[in-house]
Every structure is written in C-alpha cells, then in structure tokens.
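First the structure, in the form of structure tokens, and then the observations on it.
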Amino acid sequence: MSAEVGTPTAESRRRGGGAAEPYRPSDRRLAREAYRRQRARRSALIAALSTAATALVLYLVVVNSPGWQRTRETFFNAHYAWQALPEVLKGLRVNLELMVCCGVLILVFGLLLAVLRTLRGPVFLPVRLLATVYVDFFLGLPMIICLLIMITGVPALRLTGVTTDPLLLGGAALVLTYSAYVSEVFRAGIQSVHPSQRAAARSLGLSNAQAMRYVVLPQAVRRVVPPLLNNLVSLQKDTGLVSIGGVIDAVYAAKIITSQTFNYTPYLVSALVFLVLTIPMTRFTDWTTARLNRRQHQGGTV
Amino acid sequence: MTESVLRFESVRKGFGEHLVLHDVELAVPAHSVTALIGASGSGKSTLMRCANLLEEIDDGAIFLDGEEITDPRADQDTIRRRIGVVFQAYNLFPHMTVLDNITLAPRRVHGVGRAEAEAGARELLDRLGLADKAGEYPDRLSGGQQQRVAIVRALATGPRLLLLDEITAALDPELVGEVLAVVRGLKEQGMTMVLCTHEMGFAREVADQVCFLDAGVVLEQGPPEQVFGDPQQERTRQFLSRVVAAGRLPR
Ligand SMILES: Nc1ncnc2c1ncn2[C@@H]1O[C@H](COP(=O)(O)OP(=O)(O)O)[C@@H](O)[C@H]1O
Ligand SMILES: [Mg+2]
C-alpha cells in the first residue's frame, strides 16, 4: 500500500511534496497509540491467564476422577499408539481416496439435482418431482441406515453385474446421501441470486438455460463455497463409517488392533489423524468465508 | 401511415385483483423518442416489462415492427433479442468484467466471435468515454459509469428498440448529466427509444412524444410542448404542478 496514512512521505506527497512541512504525529496521536498498546498488552495477559486457569481446572478434574488410572492405561498408552499409527495411516489412505472420489461425484450430482429442481414447464414436471422426492428421502434417511442398506442389502439381492465390494457400495451410499445435502446448498445459492439478474439476462435475449449457465450459477456457486467446504469436512469424517462393511480404513485398522490387544489407544490414534485432517480444513473454510465477506463489503450496490 | 416500431393495442395487465394497465394504446414511430411520465406506481415499469415480455399481458396485443409479439406461438427469446433494456438498478453482472458483461449476449446469443464482439464493445465503450474501464468489475465503477456500461450492454446486440426505465433515478445529481448526454447522443443517431423518467426537463427536451400515465390509464398523449405547456386533463395539470414544486421541471 502506497498510501500508508501518517508516514511523512505519504503526507508530503499528498500536499504536492517539496515545500510543505513533513508530517509529524501530534502528541495527541502518540498518547492515543501508547494507550492502545497498553490495552492490547493487558488483553493478551488476561487471555493467557484465563486459558491457563481453564486448562488447569480441566486437568485436575480429569486426573482426580476415580477411573482415571484405568482410562489412562486403556486409552493413552504410548506403546500401543506407536504400534497402531502405521496401520491407521495406511487405513487413512482409503478414507482420503473415498473423500476425493465421492466429493467430486457429490458436487456433480448435487449441482445437477439443484438445477433440475429449478426447471419450469410441464415437460419437466416428472424430473422436478423425482429430484424433490430424492432429496427429501435422503435428507431424512440416517447416514448409517443408508450405508447398511447399501452394504448388506445390495449384495443380498445377488444382482448379476452389480458389485458386492463394500468399499464401492459404501462410497455409493455416501454419494447418495451427501448429494441430497449438497443439492440443498446449491439450491439456496441459486435462490439467493436476485431475480433482477435473471431478468437482465433474459432481456438481453439469453435463453433460460443460458441465463442459468452464465449469470445465475456462477454467482450462486461463489456464494455457497463456505457451506460446501463445511460439507466436505463432514464427508471426510463420515468416510470412517464405511468401516461397518469391513473396509479397512483408519477406523477399522484401529479396531483390528484393539481386538487383538484389548487396548483402546488405537481408536484415539485414529481420532487424532481425522482431527489433524479436518481442523485445517475447518480453518480454511473460515478463512475463505472471511475473504469472500470482505470482497463483498468492498463491492457497491450490485 | 408507416408501421410503428412498437405498438400497444388495448393492453390490459393486472396482478391478481389489482389492474395495473388499463386498455393502453401507444404507438412508437421509428427513430422517435417516447417519454412515459406519471406518478410512482402508475404502471410505467410494468408497461416496459410487458413490451419486453418479462410480464405476460392479460388482454390486447403488442406489436414489434408489425409482428405480434404477445402471440403465444411467437418465440420469446428471438423477440427479446431485438429489444434492448436498461434498468434503474443497472443490473450489471457482478461476477463479470465490463467487457464480459457487454460481450455476453453478442457471443452467446448472436454467435459473434470473441475478437469481433470485443472490438465492437471497445468501440462503444470508447464512444461513451469508458475506454479504460473494459477490464474493471462493475463494483469498482461509479453509479453513472455503471449505468453507461448498462447502456452499452443493451446496445451491443444492435437492438431495434431501446427501453430505458428510470435510468437516472438511482444516481447522484452530479452523475445524472453524463447518462442523459448518452441518451441525447443515441437520439441523434436515430435510435428508437421509450424512456420513463422523473427528469421532466429532459423529457421535454428529448422526447418527440410524451405519454402521461395515471393509475394504468394513458390520460394524455402528444408532443411535449402540448403535454407540458398546455395539458388538457386536470390530472395532468395536478401532476405537473407537483413536479414543478419538487423542482423537477423548470418553468
Ligand atoms: N410483480 C408484481 N406483483 C404485484 N404487483 C405489482 C408487481 N409489479 C408491479 N406491481 C404493482 O403495479 C403497479 C405499477 O407498478 P410499476 O409499473 O412499477 O409503476 P411505476 O414504474 O410507474 O412506478 C404498482 O401498484 C405496483 O405495486
Ligand atoms: Mg418504475
């Protein structure tokens, strides 16, 4: 930024340079800034103290609870943690692959469903109806039941040519359910674009589909990036559910070790690796949201 | 008599119970400027939206170059391509640069190549003093600049008719002039236009025909000297005196 307020160069430039006195902060300004610095130091100190106090209280409560000794042995055992980590990480690859593949499919299907539901005209009535029923159904169906139906129900039908691989079936269940969620996000985005934008596009001679493609969707998609990222975070952790079909992902890898050793530390390890992935993604979501908000506030009337 | 570019024949339009246009008759000859005046809510915007098929009329007919456009068998998309519209709120596409806003319709609707469309757009921008804004996004422009871009966007497809709906109403007073100057320029080039405005002085200066709408009825219609100078109807006189009191019409 060239116009840093208050620097002598900026000030003299503004006055046309040369002859004018260089800017010098007044005593009033210096006093104000000193006061603000002091306040900032105080706030930081208070925040640090209260965080430390809270942590101490939590620690004491946990450590002094009657079952702490046993819990520590079964959940926080460093030996088993080291043993489990490589296996859990190997399993995590499955979770990541699921997230990426399913994530792409979900975005495509979700967007398709949302657009289908905006179609007007009698020809599209069945399409619109089907899309609506689909979304209502999968929004209400608990994820775990959808998974169980796909993983156990589909193979039981013994259809020829249909896979019985629990990984593929579990992935399909994720796609089915999340497409419904994501289509609602897209639909909200589409509805948030002001009708005058469509009117402007139509009055330029664009067809309905062209107005959607070039004017409405680009704006809608931009607006729903933050909620979509939230859905991605939640998809990432729900990939752990496919372990109920026997897919060796991070959760199932932990379960195998636990059943051999009767120690629950591997579960904690798998929890941690999920957190290590999802927390940065959540922060990234916040950052993106803040950035989009800032951009919008700079914008004028449109 | 030569055929009008735009003609309304007993057009009736209501929203539910509320009748907004009441048997409206209007004829807009080629290369002429028609100014619609009337109080807020008198139906000016609705009239324009009907002409552009953004609203469906209840009865009557609207003709563009002698062809009935309100016929349900007519292809609405091709009709809209022949009419340019500029809205009070500009309605530029905020996610596109000025240049993309202008070339969208020529490229996607009229199948003009990118290079040709951009050359045409730059030429128009240049004529309206916006040559250096081609790469900007709309929210970086002033209201007057945005409205001029909206006019360029409407012109870029070479429309037969231009509808301008209170295009200066959202502008600061010192920005009104630059937009009105553009309209004057278009009149000199022979563009057929229908405009509604609260700038009565401008309507009087630029219009060939003034049309006073009152509660959805065309109460008075004629050359500006007559409607402003010697109004026949009591309602018109009342409206004009209110406008004069508000300082919108120099005596
Ligand atoms: N979409 C709509 N639904 C219901 N009423 C409307 C709609 N659009 C306009 N109106 C009504 O029609 C009347 C005329 O509106 P409008 O044409 O916008 O007037 P003007 O542009 O002259 O101010 C107003 O009473 C308004 O409330
Ligand atoms: Mg209006």
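Residues are referred to by chain and number: the chain letter is A, B, ... according to the order shown in the structure tokens, the number counts from 1 in that chain, and ligands are numbered separately from 1 in the order shown.
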Please identify the residues whose atoms come within 9 Å of ligand 2, using only C-alpha atoms and all ligand atoms, and report them as a list in words.
-> Ser40, Gly41, Ser42, Gly43, Lys44, Ser45, Thr46, Gln88, Asp165, Glu166, Cys196 and Thr197 of chain B
Write out the residues from the selection above, keeping all heavy atoms, as a PDB file, in the first residue's frame.
ATOM      1  N   SER B  40     -45.279   7.616  -9.311  1.00  0.00           N
ATOM      2  CA  SER B  40     -44.753   6.319  -8.941  1.00  0.00           C
ATOM      3  C   SER B  40     -45.919   5.348  -8.742  1.00  0.00           C
ATOM      4  O   SER B  40     -46.904   5.691  -8.106  1.00  0.00           O
ATOM      5  CB  SER B  40     -43.959   6.476  -7.656  1.00  0.00           C
ATOM      6  OG  SER B  40     -43.328   5.291  -7.346  1.00  0.00           O
ATOM      7  N   GLY B  41     -45.803   4.175  -9.330  1.00  0.00           N
ATOM      8  CA  GLY B  41     -46.881   3.194  -9.206  1.00  0.00           C
ATOM      9  C   GLY B  41     -47.941   3.319 -10.269  1.00  0.00           C
ATOM     10  O   GLY B  41     -48.941   2.595 -10.236  1.00  0.00           O
ATOM     11  N   SER B  42     -47.752   4.217 -11.241  1.00  0.00           N
ATOM     12  CA  SER B  42     -48.780   4.402 -12.272  1.00  0.00           C
ATOM     13  C   SER B  42     -48.689   3.343 -13.367  1.00  0.00           C
ATOM     14  O   SER B  42     -49.562   3.280 -14.223  1.00  0.00           O
ATOM     15  CB  SER B  42     -48.667   5.802 -12.873  1.00  0.00           C
ATOM     16  OG  SER B  42     -47.369   6.008 -13.381  1.00  0.00           O
ATOM     17  N   GLY B  43     -47.640   2.526 -13.355  1.00  0.00           N
ATOM     18  CA  GLY B  43     -47.579   1.413 -14.304  1.00  0.00           C
ATOM     19  C   GLY B  43     -46.536   1.557 -15.399  1.00  0.00           C
ATOM     20  O   GLY B  43     -46.534   0.774 -16.349  1.00  0.00           O
ATOM     21  N   LYS B  44     -45.624   2.518 -15.263  1.00  0.00           N
ATOM     22  CA  LYS B  44     -44.626   2.743 -16.311  1.00  0.00           C
ATOM     23  C   LYS B  44     -43.703   1.533 -16.469  1.00  0.00           C
ATOM     24  O   LYS B  44     -43.474   1.060 -17.585  1.00  0.00           O
ATOM     25  CB  LYS B  44     -43.790   3.990 -15.977  1.00  0.00           C
ATOM     26  CG  LYS B  44     -44.617   5.243 -15.721  1.00  0.00           C
ATOM     27  CD  LYS B  44     -43.756   6.450 -15.441  1.00  0.00           C
ATOM     28  CE  LYS B  44     -42.958   6.393 -14.145  1.00  0.00           C
ATOM     29  NZ  LYS B  44     -43.756   6.408 -12.907  1.00  0.00           N
ATOM     30  N   SER B  45     -43.189   1.053 -15.345  1.00  0.00           N
ATOM     31  CA  SER B  45     -42.276  -0.093 -15.432  1.00  0.00           C
ATOM     32  C   SER B  45     -42.999  -1.318 -15.949  1.00  0.00           C
ATOM     33  O   SER B  45     -42.446  -2.078 -16.752  1.00  0.00           O
ATOM     34  CB  SER B  45     -41.696  -0.403 -14.052  1.00  0.00           C
ATOM     35  OG  SER B  45     -40.929   0.669 -13.585  1.00  0.00           O
ATOM     36  N   THR B  46     -44.226  -1.505 -15.508  1.00  0.00           N
ATOM     37  CA  THR B  46     -44.994  -2.668 -15.958  1.00  0.00           C
ATOM     38  C   THR B  46     -45.179  -2.617 -17.467  1.00  0.00           C
ATOM     39  O   THR B  46     -45.030  -3.632 -18.159  1.00  0.00           O
ATOM     40  CB  THR B  46     -46.350  -2.702 -15.244  1.00  0.00           C
ATOM     41  OG1 THR B  46     -46.130  -2.655 -13.836  1.00  0.00           O
ATOM     42  CG2 THR B  46     -47.120  -3.952 -15.598  1.00  0.00           C
ATOM     43  N   GLN B  88     -33.309   0.717 -13.928  1.00  0.00           N
ATOM     44  CA  GLN B  88     -32.922   1.710 -12.928  1.00  0.00           C
ATOM     45  C   GLN B  88     -31.727   1.236 -12.098  1.00  0.00           C
ATOM     46  O   GLN B  88     -30.810   1.986 -11.820  1.00  0.00           O
ATOM     47  CB  GLN B  88     -34.114   1.967 -12.008  1.00  0.00           C
ATOM     48  CG  GLN B  88     -33.786   2.839 -10.825  1.00  0.00           C
ATOM     49  CD  GLN B  88     -35.018   3.103  -9.974  1.00  0.00           C
ATOM     50  OE1 GLN B  88     -36.146   2.984 -10.435  1.00  0.00           O
ATOM     51  NE2 GLN B  88     -34.805   3.473  -8.743  1.00  0.00           N
ATOM     52  N   ASP B 165     -35.738   2.444 -18.323  1.00  0.00           N
ATOM     53  CA  ASP B 165     -36.649   2.575 -17.193  1.00  0.00           C
ATOM     54  C   ASP B 165     -35.991   3.351 -16.054  1.00  0.00           C
ATOM     55  O   ASP B 165     -35.204   2.790 -15.303  1.00  0.00           O
ATOM     56  CB  ASP B 165     -37.086   1.188 -16.711  1.00  0.00           C
ATOM     57  CG  ASP B 165     -38.186   1.257 -15.669  1.00  0.00           C
ATOM     58  OD1 ASP B 165     -38.521   2.375 -15.237  1.00  0.00           O
ATOM     59  OD2 ASP B 165     -38.706   0.206 -15.279  1.00  0.00           O
ATOM     60  N   GLU B 166     -36.312   4.624 -15.925  1.00  0.00           N
ATOM     61  CA  GLU B 166     -35.785   5.482 -14.852  1.00  0.00           C
ATOM     62  C   GLU B 166     -34.290   5.275 -14.668  1.00  0.00           C
ATOM     63  O   GLU B 166     -33.822   5.010 -13.569  1.00  0.00           O
ATOM     64  CB  GLU B 166     -36.507   5.181 -13.534  1.00  0.00           C
ATOM     65  CG  GLU B 166     -37.999   5.369 -13.677  1.00  0.00           C
ATOM     66  CD  GLU B 166     -38.660   5.784 -12.397  1.00  0.00           C
ATOM     67  OE1 GLU B 166     -37.982   6.470 -11.596  1.00  0.00           O
ATOM     68  OE2 GLU B 166     -39.835   5.456 -12.206  1.00  0.00           O
ATOM     69  N   CYS B 196     -38.843   6.084 -19.435  1.00  0.00           N
ATOM     70  CA  CYS B 196     -39.661   6.736 -18.416  1.00  0.00           C
ATOM     71  C   CYS B 196     -38.718   7.412 -17.445  1.00  0.00           C
ATOM     72  O   CYS B 196     -37.608   6.941 -17.189  1.00  0.00           O
ATOM     73  CB  CYS B 196     -40.618   5.775 -17.748  1.00  0.00           C
ATOM     74  SG  CYS B 196     -39.893   4.599 -16.669  1.00  0.00           S
ATOM     75  N   THR B 197     -39.124   8.555 -16.976  1.00  0.00           N
ATOM     76  CA  THR B 197     -38.191   9.384 -16.223  1.00  0.00           C
ATOM     77  C   THR B 197     -38.933  10.351 -15.322  1.00  0.00           C
ATOM     78  O   THR B 197     -40.102  10.665 -15.541  1.00  0.00           O
ATOM     79  CB  THR B 197     -37.278  10.174 -17.190  1.00  0.00           C
ATOM     80  OG1 THR B 197     -36.346  10.924 -16.427  1.00  0.00           O
ATOM     81  CG2 THR B 197     -38.086  11.125 -18.059  1.00  0.00           C
TER      82      THR B 197
END
Could you pull out the alpha helix (DSSP H) residues of segment 24-225 of chain B from DSSP and send them as a ChimeraX atom specification?
-> /B:44-51,76-80,98-108,114-127,143-155,173-188,200-206,224-225
Do me a favour and pick out the residues of chain B within 10 Å of chain A, using only C-alpha atoms, as an NGL selection string.
-> :B and (49 or 52-54 or 76-87 or 89-96 or 101-102 or 104-106 or 108-110 or 137-143 or 146 or 150 or 153-157 or 159)
Hey, can you spit out that residue selection with C-alpha atoms as a short mmCIF file (atom, residue, chain, number, x, y, z; two decimals), in the first residue's frame?
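Produced file again-v2.cif, reproduced below:
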data_model
loop_
_atom_site.label_atom_id
_atom_site.label_comp_id
_atom_site.auth_asym_id
_atom_site.auth_seq_id
_atom_site.Cartn_x
_atom_site.Cartn_y
_atom_site.Cartn_z
CA ARG B 49 -41.73 -5.13 -18.82
CA ASN B 52 -40.01 -6.94 -23.26
CA LEU B 53 -42.16 -9.99 -22.45
CA LEU B 54 -40.90 -10.09 -18.90
CA GLN B 76 -39.89 -15.01 -26.95
CA ASP B 77 -36.11 -15.36 -27.00
CA THR B 78 -35.76 -14.10 -30.56
CA ILE B 79 -38.13 -11.20 -29.83
CA ARG B 80 -36.19 -10.13 -26.76
CA ARG B 81 -33.02 -10.05 -28.83
CA ARG B 82 -34.47 -7.18 -30.84
CA ILE B 83 -35.19 -5.07 -27.77
CA GLY B 84 -32.57 -3.55 -25.50
CA VAL B 85 -33.44 -2.73 -21.90
CA VAL B 86 -31.71 -0.59 -19.31
CA PHE B 87 -32.93 -0.81 -15.74
CA ALA B 89 -30.70 -0.56 -10.82
CA TYR B 90 -28.22 -1.17 -13.73
CA ASN B 91 -28.36 -4.94 -13.10
CA LEU B 92 -24.85 -5.49 -14.37
CA PHE B 93 -23.50 -8.98 -13.75
CA PRO B 94 -21.18 -8.52 -10.76
CA HIS B 95 -19.06 -11.60 -11.47
CA MET B 96 -18.02 -10.43 -14.92
CA ASN B 101 -20.90 -8.05 -19.43
CA ILE B 102 -21.12 -6.39 -22.82
CA LEU B 104 -22.06 -11.98 -23.25
CA ALA B 105 -25.17 -11.57 -25.40
CA PRO B 106 -23.38 -10.97 -28.74
CA ARG B 108 -23.74 -16.47 -26.64
CA VAL B 109 -26.96 -15.33 -28.30
CA HIS B 110 -25.85 -13.95 -31.65
CA TYR B 137 -15.58 -5.27 -12.38
CA PRO B 138 -18.86 -3.34 -12.03
CA ASP B 139 -18.49 -2.73 -8.29
CA ARG B 140 -15.36 -0.69 -8.95
CA LEU B 141 -17.30 1.85 -11.03
CA SER B 142 -19.37 4.85 -10.02
CA GLY B 143 -23.14 4.72 -10.48
CA GLN B 146 -22.25 1.53 -14.29
CA ALA B 150 -25.54 -0.98 -18.89
CA ARG B 153 -24.53 -3.68 -22.93
CA ALA B 154 -28.04 -3.08 -24.24
CA LEU B 155 -26.69 -1.52 -27.45
CA ALA B 156 -24.12 -4.22 -28.14
CA THR B 157 -26.62 -6.53 -29.80
CA PRO B 159 -31.41 -3.67 -30.88
#
Could you give me, as a compact mmCIF listing (two decimals) with N, CA and C atoms, in the first residue's frame, the residues within 7 Å of Phe75 of chain A, counting only C-alpha atoms and dropping anything in the same chain fewer than 6 positions from it?
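The result, written out as selection_4.txt:
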# COMPACT_ATOMS: atom_id res chain seq x y z
N ASN A 263 -6.74 -53.00 24.06
CA ASN A 263 -6.39 -51.66 24.49
C ASN A 263 -6.98 -50.69 23.48
N TYR A 264 -7.59 -49.61 24.00
CA TYR A 264 -8.36 -48.72 23.11
C TYR A 264 -7.55 -47.57 22.52
N THR A 265 -6.27 -47.49 22.85
CA THR A 265 -5.45 -46.39 22.34
C THR A 265 -5.53 -46.23 20.81
N LEU A 268 -8.06 -43.84 19.72
CA LEU A 268 -7.67 -42.45 19.95
C LEU A 268 -6.75 -41.97 18.84
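Minimum atom-to-atom distance to Gln221 of chain B, evaluated using only C-alpha atoms, belongs to B:Ala207 out of B:Ala207, B:Leu64, B:Val182, B:Ala246.
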All strand (DSSP E) positions in segment 32-235 of chain B, as a PyMOL selection string | chain B and resi 33-37+59-64+67-68+83-86+161-165+193-196+209-214+217-222
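Closest to ligand 1 among B:Arg237, B:His22, B:Arg73, B:Arg7 is B:His22, based on only C-alpha atoms and all ligand atoms.
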Tell me, as a PyMOL selection string, which residues lie within 10 Å of Pro226 of chain A, counting only C-alpha atoms; anything in the same chain fewer than 6 positions away does not count.
-> chain A and resi 232+282+284-290+292
Residues within 12 Å of Ala180 of chain A, only C-alpha atoms, excluding chain neighbours under 4 positions, as number ranges by chain | A: 105-114, 117, 131-141, 143, 173-176, 184-187, 231
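Residue nearest Ser32 of chain B, chosen from B:Val5, B:Leu240, B:Ala115, B:Leu171 and counting only C-alpha atoms: B:Val5.
Nearest residue to Leu19 of chain B, choosing from B:Ala39, B:Val112, B:Ile57, B:Met48 and counting only C-alpha atoms: B:Ile57.
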